[in-house]
Amino acid sequence: MRKILSGSFRMRLADSAAGQAESNLSSVCHTLDNLYEGLLRAAEALEEDPLVSDALLGGQEENTRVYSSLFSVTEGLREYARFDLYDPAGTCRYSTQSGSAQPELPTDWGVLQKAGGERLRFVACEDVADAAEPQLQGAAVLTDGDGETAGFLVVSLYQSNLRRLLEGTYGSQNDLLLFSRFWRPVYCAQSALAESLGPELRRRVLAGESLDGAAEGFLYSVTYHPDMELYLVLQRPQVMNRETTGLLYTVSAGSALFCVGISVLMSLTLSRQMFQPIQRLRSAIGEVERNNLDVTVPDQRDDELGELARRFNGMLVALKHNQQELVENQRELNQAQIRMLQAQLNPHFLCNTLDTMKWISKINEVPQVALMSTNLADILRFCISPEEFVPLRREVAILERYIEIQRIRLSGAFSFAADIPLELEDCLVPKMILQPLVENAILHGLEGVENGVVRVTARRTADGLLRITVEDNGKGLPADMTGAYAHRNRELSRGHLGLYNVDTILRKYYGADCGLELAPGPGGRGAVITATLPLREEERTC
Amino acid sequence: MKRRLAGAVLAAALLLAGCSVGSNALPPEYVPGEEERLVVYTSHKEEVWWPIVKEFEERTGIWVDVVTGGSIELLQRIERESESPQADVMFGGGVESLEAYGPYFSPYVCAERDSIQEQFCSPEALWTPFSALPVVLVYNPKLVEPSWLTAWSDLLDQRFRGEIAFSDPEISGSSYTGLVTLTYALGGERDAALQAFAANLEGRQLESSGDVLTAVAGGSDWVGVTLEETVLKQIAAGQDLAMVYPADGTSLVPDGSALVKGAPHGDNAERFLDFTVSLDVQQMLAQQLYRRSVREDVAPGGELRPLEEIPLVDYDVSWASENRDSILMSWAFYLGGEETP
């Protein structure tokens, strides 16, 4: 992030600085163009002047006329260069400045050797630090009318000339360095800079490296001036030097750190807000998994998380309630099972005992005891038999055993009749529903009644139900017991447990519509108890 | 929010990428190709190599990368780099030294071989001669009468004991040539000559050949052993010095240039070797550098005594080159004051 920030910042600055450098360089280029054009024009003018070529070829011309020609064509250029005319042997003959620096120039070496063609050919100085020697020397061959070499025009640019020419064209904080075609230093306003920097820049060019960084804190732009055969190198101070970069880095590092700190704080707060309730909920669920229902989750918040916590708490309450109920049920169930287990021993023992009694009574010739114990044993076996539904025929047969016992007990003070149509004998009814009804009639209805009658009737109703009625001609029902037996609770049925049991059995098996119906007997005497239940045939299994 | 941030980061990255593409890399057309390059190792002084290199560049368009140093130092470097040579040309150094490093050079017969005096040529064309450098004696005319110093034998004179400027022959090639020339000129037992000269030096020698002229011109020494061109240059510069061609003979060992074996820019190296013995260069060095050309068609500049008038010893370059180590070892012993090596 820091890199990007400073990078883009630096880039903006560097871009504008580079653009500035480009325009500086093109301004220098333009100046050199103008100079070169002027020099070339002067060379052409001198070449076209027969006076000059004659003089150089050794003609007897008046020197003043040659000088006047030389000075007139170099008008306006002399402050930027020194002009010398050499004869074909390389001897200086005319000069725009007093005192010829090089009275002889070799024609087979250096600037005169290079001269030729239509242009001025420039050669760099040998020592950039030597202000007494020309920094740059150009030469043009002057030919006479026959195309023979008449001499040379040598243009010498000294350090002071170049400074005057170029000063102010390349920006006050920049430095301009001129290099030859081979990157040998030619000129710099500070010649020491050219001397010190030249070799390093040349090394970089040869290595194909960027020039930037050749000197600490400076950048370079380069352009080539083909006419002068010069590389123009603009050195400009780096906009983002070490200190400003360091400052920028420090500031951006500081702000990055600040941002990181802030975001860490924010995320901590946020996660505390979001994460803590969820964490509490999670651990509460863990507790519930470990079957601890006594946990609660704080639910004061108003948002979705608070809602979630409240729902969770509600769920826990419901769960706890259900569990208690379940435990209660289980306990009841267990007690019933225990009772059942306790009771299960008795029937077999009783049956066997009753059988034994039967035999003993037969041996001792007490027929009533034998009969009673036989009947009782049959009833008992019937009771403990596993099936829940039995044919009506068997129900009636067991009922008759009961009646026989009661006749012996009550000395035959009542009569019993069963009216079961043959087609209904195979109907399946819940086991032991008749005996409690008949017992109720005998014990409650016929108590103290002479010539008591109990009648059991089974009929098929018009809508396909089985109706079983038990009638007696006894004392009749208390007034509050008539009607449907439904909705009586167990407490109220005290003393009439038989009726309650039968009614409950019917309801459980066949639904609330089935059940006992209690009504007074015909003519107000006795009672009629009616049980209505669906007609079901015994399944024929072959 | 996240998407916007990602967008900003992407944009910045793109900008940065664009920046690096547009950085101030040097335009490729400014960088010279391999075929336009030449690497020259030179032991010449800048005043010698620079005008030649500059003119060579201007004429051929070949970029010359110059590495400067002492001749032995550069030759050792060429030896080290022989696996992957960096230099194309060794420019400078006595031909004895070039001969000693012969295995690292390729023979090359320069274009104008016929214009070069036979006595300066390498038999195997292993090196190309550059200039002829007579060994001379120099004295300070304020301190020494001209008659006192005319030959090598005068250096053994007691009056010069401890007053002779002589540089370490292990460092200076010209000093070694001078030492061997002295043994030739004195004749007789070589070791006796070395021992006598070492004794007259009083075990003192100068660090570099440049110090010899300074010491004599400055008066700290009276006489010295050096090369002709060095003295001429100093005299031209206004120093009060006098030069003696020893009457008992001197040597004319040239310095030279050689083509490095496996040179990366071999063609350009050959052009450079041709250029060093071209008429233009040889004339320039005769007229401006106070050196004697190795060409037949270039006369010595100024008032130089013609070669024919200089008495010479029968100097064997190959022998001097092959026995360099043993001679230097003996010299070191005698200079240290020991009787035998």
# chains A, B, ... in the order shown; residues from 1 in each chain; ligands from 1
>>> closest_atom_pairs(of="chain A", to="chain B", cutoff="7 Å", atoms="only C-alpha atoms", output="Markdown table")
| residue | atom | partner | partner_atom | distance |
| --- | --- | --- | --- | --- |
| A:Ile4 | CA | B:Ala12 | CA | 6.2 |
| A:Gly7 | CA | B:Leu16 | CA | 6.6 |
| A:Ser8 | CA | B:Leu16 | CA | 6.5 |
| A:Met11 | CA | B:Cys19 | CA | 6.6 |
| A:Asp108 | CA | B:Asp280 | CA | 6.3 |
| A:Trp109 | CA | B:Asp280 | CA | 6.8 |
| A:Gly110 | CA | B:Glu55 | CA | 6.4 |
| A:Phe182 | CA | B:Trp63 | CA | 6.1 |
| A:Val205 | CA | B:Val31 | CA | 5.8 |
| A:Leu206 | CA | B:Val31 | CA | 6.1 |
| A:Gly208 | CA | B:Val31 | CA | 5.7 |
| A:Glu209 | CA | B:Leu26 | CA | 6.5 |
| A:Ser210 | CA | B:Ala25 | CA | 4.6 |
| A:Leu211 | CA | B:Leu26 | CA | 6.9 |
| A:Asp212 | CA | B:Asn24 | CA | 6.9 |
>>> write_last_selection(atoms="N, CA and C atoms", output="PDB file, in the first residue's frame")
ATOM      1  N   ILE A   4       2.545   1.636  -3.211  1.00  0.00           N
ATOM      2  CA  ILE A   4       1.636   2.117  -4.240  1.00  0.00           C
ATOM      3  C   ILE A   4       1.450   3.615  -4.082  1.00  0.00           C
ATOM      4  N   GLY A   7       4.564   5.376  -4.824  1.00  0.00           N
ATOM      5  CA  GLY A   7       4.833   5.126  -6.238  1.00  0.00           C
ATOM      6  C   GLY A   7       4.012   6.039  -7.120  1.00  0.00           C
ATOM      7  N   SER A   8       2.712   6.111  -6.839  1.00  0.00           N
ATOM      8  CA  SER A   8       1.878   6.910  -7.725  1.00  0.00           C
ATOM      9  C   SER A   8       2.195   8.391  -7.548  1.00  0.00           C
ATOM     10  N   MET A  11       5.310   9.048  -9.260  1.00  0.00           N
ATOM     11  CA  MET A  11       5.128   8.965 -10.691  1.00  0.00           C
ATOM     12  C   MET A  11       4.577  10.275 -11.242  1.00  0.00           C
ATOM     13  N   ASP A 108      45.944  15.069 -41.953  1.00  0.00           N
ATOM     14  CA  ASP A 108      45.680  13.628 -41.925  1.00  0.00           C
ATOM     15  C   ASP A 108      45.260  13.169 -40.520  1.00  0.00           C
ATOM     16  N   TRP A 109      44.844  14.080 -39.746  1.00  0.00           N
ATOM     17  CA  TRP A 109      44.514  13.739 -38.369  1.00  0.00           C
ATOM     18  C   TRP A 109      43.432  14.685 -37.888  1.00  0.00           C
ATOM     19  N   GLY A 110      42.552  14.180 -37.056  1.00  0.00           N
ATOM     20  CA  GLY A 110      41.600  15.040 -36.348  1.00  0.00           C
ATOM     21  C   GLY A 110      40.622  15.729 -37.259  1.00  0.00           C
ATOM     22  N   PHE A 182      30.555   9.087 -29.406  1.00  0.00           N
ATOM     23  CA  PHE A 182      31.027   7.921 -28.654  1.00  0.00           C
ATOM     24  C   PHE A 182      30.974   8.168 -27.146  1.00  0.00           C
ATOM     25  N   VAL A 205      26.031   3.511 -20.820  1.00  0.00           N
ATOM     26  CA  VAL A 205      25.575   3.403 -22.210  1.00  0.00           C
ATOM     27  C   VAL A 205      26.088   2.100 -22.806  1.00  0.00           C
ATOM     28  N   LEU A 206      27.373   1.823 -22.575  1.00  0.00           N
ATOM     29  CA  LEU A 206      27.941   0.595 -23.135  1.00  0.00           C
ATOM     30  C   LEU A 206      27.262  -0.632 -22.552  1.00  0.00           C
ATOM     31  N   GLY A 208      24.243  -0.622 -21.631  1.00  0.00           N
ATOM     32  CA  GLY A 208      22.813  -0.567 -21.936  1.00  0.00           C
ATOM     33  C   GLY A 208      21.956  -0.313 -20.718  1.00  0.00           C
ATOM     34  N   GLU A 209      22.547   0.281 -19.686  1.00  0.00           N
ATOM     35  CA  GLU A 209      21.780   0.546 -18.461  1.00  0.00           C
ATOM     36  C   GLU A 209      21.147   1.930 -18.533  1.00  0.00           C
ATOM     37  N   SER A 210      20.171   2.125 -17.641  1.00  0.00           N
ATOM     38  CA  SER A 210      19.574   3.448 -17.525  1.00  0.00           C
ATOM     39  C   SER A 210      20.612   4.400 -16.935  1.00  0.00           C
ATOM     40  N   LEU A 211      20.556   5.653 -17.376  1.00  0.00           N
ATOM     41  CA  LEU A 211      21.524   6.619 -16.869  1.00  0.00           C
ATOM     42  C   LEU A 211      21.163   7.098 -15.469  1.00  0.00           C
ATOM     43  N   ASP A 212      19.875   6.934 -15.113  1.00  0.00           N
ATOM     44  CA  ASP A 212      19.435   7.419 -13.804  1.00  0.00           C
ATOM     45  C   ASP A 212      20.235   6.740 -12.707  1.00  0.00           C
TER      46      ASP A 212
END
>>> select_by_dssp(residues="segment 94-333 of chain B", states="strand (DSSP E or B)", output="MDAnalysis selection string")
chainID B and resid 94 105:106 116 128:132 135:139 164:165 167 206 223:227 242:244 250 254:260 292:293 295 312
>>> write_last_selection(atoms="C-alpha atoms", output="CSV table (one decimal), in the first residue's frame")
chain,number,residue,atom,x,y,z
B,94,GLY,CA,57.4,-4.0,-23.8
B,105,PHE,CA,47.7,-13.9,-27.7
B,106,SER,CA,46.8,-14.8,-31.2
B,116,ILE,CA,57.7,-1.8,-40.7
B,128,THR,CA,52.6,-5.8,-33.5
B,129,PRO,CA,55.3,-3.2,-32.6
B,130,PHE,CA,54.2,0.3,-31.8
B,131,SER,CA,57.3,2.5,-31.1
B,132,ALA,CA,61.0,2.0,-30.7
B,135,VAL,CA,67.1,3.1,-23.2
B,136,VAL,CA,69.1,6.2,-22.3
B,137,LEU,CA,70.9,7.7,-19.4
B,138,VAL,CA,69.8,11.0,-18.0
B,139,TYR,CA,71.6,13.5,-15.7
B,164,ILE,CA,71.5,6.9,-9.2
B,165,ALA,CA,67.8,6.9,-9.9
B,167,SER,CA,63.2,2.1,-10.7
B,206,LEU,CA,62.5,3.9,-6.9
B,223,VAL,CA,71.8,10.4,-12.8
B,224,GLY,CA,69.1,8.0,-13.9
B,225,VAL,CA,68.2,5.2,-16.3
B,226,THR,CA,65.1,5.7,-18.4
B,227,LEU,CA,63.6,5.8,-21.9
B,242,ALA,CA,70.4,16.1,-20.3
B,243,MET,CA,70.2,12.8,-22.2
B,244,VAL,CA,73.0,10.4,-23.0
B,250,THR,CA,72.0,0.5,-25.7
B,254,PRO,CA,59.9,-1.7,-29.0
B,255,ASP,CA,56.7,-1.7,-27.1
B,256,GLY,CA,53.8,-3.2,-28.9
B,257,SER,CA,50.2,-4.4,-29.1
B,258,ALA,CA,48.8,-7.9,-29.3
B,259,LEU,CA,45.6,-9.5,-30.2
B,260,VAL,CA,44.0,-11.4,-27.3
B,292,ARG,CA,60.5,6.7,-32.7
B,293,SER,CA,58.2,5.2,-35.3
B,295,ARG,CA,57.9,2.3,-39.8
B,312,LEU,CA,73.5,-0.7,-29.8
>>> residues_around(residues="Val66 of chain B", least_positions_apart="4", cutoff="8 Å", atoms="only C-alpha atoms", output="short mmCIF file (atom, residue, chain, number, x, y, z; two decimals) with C-alpha atoms, in the first residue's frame")
data_model
loop_
_atom_site.label_atom_id
_atom_site.label_comp_id
_atom_site.auth_asym_id
_atom_site.auth_seq_id
_atom_site.Cartn_x
_atom_site.Cartn_y
_atom_site.Cartn_z
CA VAL B 39 37.85 -3.42 -25.50
CA VAL B 40 41.42 -2.20 -25.18
CA TYR B 41 43.66 -2.86 -22.21
CA THR B 42 46.42 -0.32 -22.23
#
>>> residues_around(residues="segment 209-214 of chain B", least_positions_apart="4", cutoff="12 Å", atoms="only C-alpha atoms", output="MDAnalysis selection string")
chainID B and resid 45 70 136:140 163:178 205 218:235 239:243
>>> atom_distance(atom1="atom CA of Ala185 of chain B", atom2="atom CA of Ala198 of chain B")
15.7 Å
>>> residues_around(residues="His496 of chain A", least_positions_apart="6", cutoff="12 Å", atoms="only C-alpha atoms", output="short mmCIF file (atom, residue, chain, number, x, y, z; two decimals) with N, CA and C atoms, in the first residue's frame")
data_model
loop_
_atom_site.label_atom_id
_atom_site.label_comp_id
_atom_site.auth_asym_id
_atom_site.auth_seq_id
_atom_site.Cartn_x
_atom_site.Cartn_y
_atom_site.Cartn_z
N PRO A 436 -68.60 -57.73 34.27
CA PRO A 436 -68.77 -56.60 35.20
C PRO A 436 -70.19 -56.05 35.18
N LEU A 437 -70.82 -56.07 33.99
CA LEU A 437 -72.18 -55.51 33.90
C LEU A 437 -73.16 -56.40 34.67
N VAL A 438 -72.95 -57.72 34.46
CA VAL A 438 -73.87 -58.65 35.14
C VAL A 438 -73.64 -58.60 36.66
N GLU A 439 -72.39 -58.52 37.04
CA GLU A 439 -72.07 -58.44 38.46
C GLU A 439 -72.70 -57.19 39.09
N ASN A 440 -72.64 -56.11 38.33
CA ASN A 440 -73.26 -54.87 38.79
C ASN A 440 -74.76 -55.07 39.01
N ALA A 441 -75.38 -55.79 38.00
CA ALA A 441 -76.83 -56.02 38.13
C ALA A 441 -77.15 -56.89 39.33
N LEU A 443 -75.19 -57.56 42.12
CA LEU A 443 -74.81 -57.02 43.43
C LEU A 443 -75.61 -55.79 43.82
N HIS A 444 -75.85 -54.90 42.80
CA HIS A 444 -76.53 -53.64 43.15
C HIS A 444 -78.02 -53.70 42.87
N GLY A 445 -78.35 -54.30 41.66
CA GLY A 445 -79.78 -54.24 41.25
C GLY A 445 -80.65 -55.24 42.02
N LEU A 477 -81.89 -47.72 38.92
CA LEU A 477 -80.69 -46.87 39.05
C LEU A 477 -80.99 -45.63 39.86
N MET A 481 -77.73 -41.43 37.55
CA MET A 481 -76.87 -42.32 36.77
C MET A 481 -77.43 -42.70 35.42
N TYR A 485 -72.99 -43.11 30.00
CA TYR A 485 -72.10 -43.22 31.12
C TYR A 485 -70.89 -42.30 30.97
N ARG A 488 -67.84 -39.66 33.16
CA ARG A 488 -67.76 -39.90 34.60
C ARG A 488 -66.32 -40.10 34.95
N ASN A 489 -65.93 -39.50 36.00
CA ASN A 489 -64.56 -39.80 36.36
C ASN A 489 -64.48 -40.93 37.36
N ARG A 490 -63.32 -41.32 37.58
CA ARG A 490 -63.11 -42.53 38.33
C ARG A 490 -63.60 -42.40 39.77
N VAL A 502 -65.65 -51.04 32.11
CA VAL A 502 -66.18 -51.46 30.80
C VAL A 502 -66.32 -50.25 29.88
N ASP A 503 -66.85 -49.19 30.47
CA ASP A 503 -67.02 -47.97 29.66
C ASP A 503 -65.66 -47.49 29.11
#
>>> atom_distance(atom1="atom CA of Leu268 of chain A", atom2="atom CA of Leu305 of chain A")
18.0 Å
>>> select_by_dssp(residues="segment 201-339 of chain B", states="helix (DSSP H, G or I)", output="ChimeraX atom specification")
/B:201,209-218,228-236,266-276,279-288,307-309,317-322,324-335
>>> closest_residue(among="A:Leu51, A:Leu201, A:Ala484, A:Ala214", to="Asp144 of chain A", atoms="only C-alpha atoms")
A:Leu51
>>> residues_around(residues="Val288 of chain A", least_positions_apart="5", cutoff="12 Å", atoms="only C-alpha atoms", output="list in words")
Leu281, Arg282, Ser283, Leu293, Asp294, Val295, Thr296, Val297, Phe312, Asn313, Met315, Leu316, Val317, Leu319 and Lys320 of chain A
>>> write_last_selection(atoms="N, CA and C atoms", output="PDB file, in the first residue's frame")
ATOM      1  N   LEU A 281     -24.487 -18.669  23.015  1.00  0.00           N
ATOM      2  CA  LEU A 281     -25.526 -19.571  22.536  1.00  0.00           C
ATOM      3  C   LEU A 281     -24.942 -20.952  22.271  1.00  0.00           C
ATOM      4  N   ARG A 282     -23.759 -20.922  21.703  1.00  0.00           N
ATOM      5  CA  ARG A 282     -23.088 -22.171  21.339  1.00  0.00           C
ATOM      6  C   ARG A 282     -22.806 -22.982  22.590  1.00  0.00           C
ATOM      7  N   SER A 283     -22.267 -22.282  23.623  1.00  0.00           N
ATOM      8  CA  SER A 283     -21.922 -23.041  24.825  1.00  0.00           C
ATOM      9  C   SER A 283     -23.196 -23.511  25.533  1.00  0.00           C
ATOM     10  N   LEU A 293     -30.365 -28.700  31.462  1.00  0.00           N
ATOM     11  CA  LEU A 293     -31.401 -27.806  30.946  1.00  0.00           C
ATOM     12  C   LEU A 293     -31.538 -26.566  31.809  1.00  0.00           C
ATOM     13  N   ASP A 294     -30.659 -26.415  32.796  1.00  0.00           N
ATOM     14  CA  ASP A 294     -30.802 -25.277  33.703  1.00  0.00           C
ATOM     15  C   ASP A 294     -30.012 -24.066  33.237  1.00  0.00           C
ATOM     16  N   VAL A 295     -29.695 -24.014  31.951  1.00  0.00           N
ATOM     17  CA  VAL A 295     -28.950 -22.840  31.472  1.00  0.00           C
ATOM     18  C   VAL A 295     -29.923 -21.822  30.900  1.00  0.00           C
ATOM     19  N   THR A 296     -29.476 -20.552  30.914  1.00  0.00           N
ATOM     20  CA  THR A 296     -30.235 -19.516  30.202  1.00  0.00           C
ATOM     21  C   THR A 296     -29.224 -18.629  29.483  1.00  0.00           C
ATOM     22  N   VAL A 297     -29.701 -18.023  28.413  1.00  0.00           N
ATOM     23  CA  VAL A 297     -28.847 -17.133  27.632  1.00  0.00           C
ATOM     24  C   VAL A 297     -29.354 -15.713  27.849  1.00  0.00           C
ATOM     25  N   PHE A 312     -34.561 -19.341  22.198  1.00  0.00           N
ATOM     26  CA  PHE A 312     -33.806 -20.469  22.753  1.00  0.00           C
ATOM     27  C   PHE A 312     -34.220 -20.739  24.184  1.00  0.00           C
ATOM     28  N   ASN A 313     -34.345 -19.642  24.947  1.00  0.00           N
ATOM     29  CA  ASN A 313     -34.758 -19.802  26.340  1.00  0.00           C
ATOM     30  C   ASN A 313     -36.143 -20.433  26.428  1.00  0.00           C
ATOM     31  N   MET A 315     -37.549 -22.321  24.266  1.00  0.00           N
ATOM     32  CA  MET A 315     -37.428 -23.714  23.848  1.00  0.00           C
ATOM     33  C   MET A 315     -36.955 -24.567  25.021  1.00  0.00           C
ATOM     34  N   LEU A 316     -36.053 -23.993  25.777  1.00  0.00           N
ATOM     35  CA  LEU A 316     -35.510 -24.731  26.915  1.00  0.00           C
ATOM     36  C   LEU A 316     -36.591 -24.999  27.951  1.00  0.00           C
ATOM     37  N   VAL A 317     -37.423 -23.962  28.188  1.00  0.00           N
ATOM     38  CA  VAL A 317     -38.500 -24.117  29.180  1.00  0.00           C
ATOM     39  C   VAL A 317     -39.435 -25.241  28.748  1.00  0.00           C
ATOM     40  N   LEU A 319     -38.830 -27.647  26.773  1.00  0.00           N
ATOM     41  CA  LEU A 319     -38.132 -28.922  26.790  1.00  0.00           C
ATOM     42  C   LEU A 319     -38.108 -29.491  28.201  1.00  0.00           C
ATOM     43  N   LYS A 320     -37.870 -28.580  29.142  1.00  0.00           N
ATOM     44  CA  LYS A 320     -37.782 -29.011  30.529  1.00  0.00           C
ATOM     45  C   LYS A 320     -39.132 -29.564  30.991  1.00  0.00           C
TER      46      LYS A 320
END
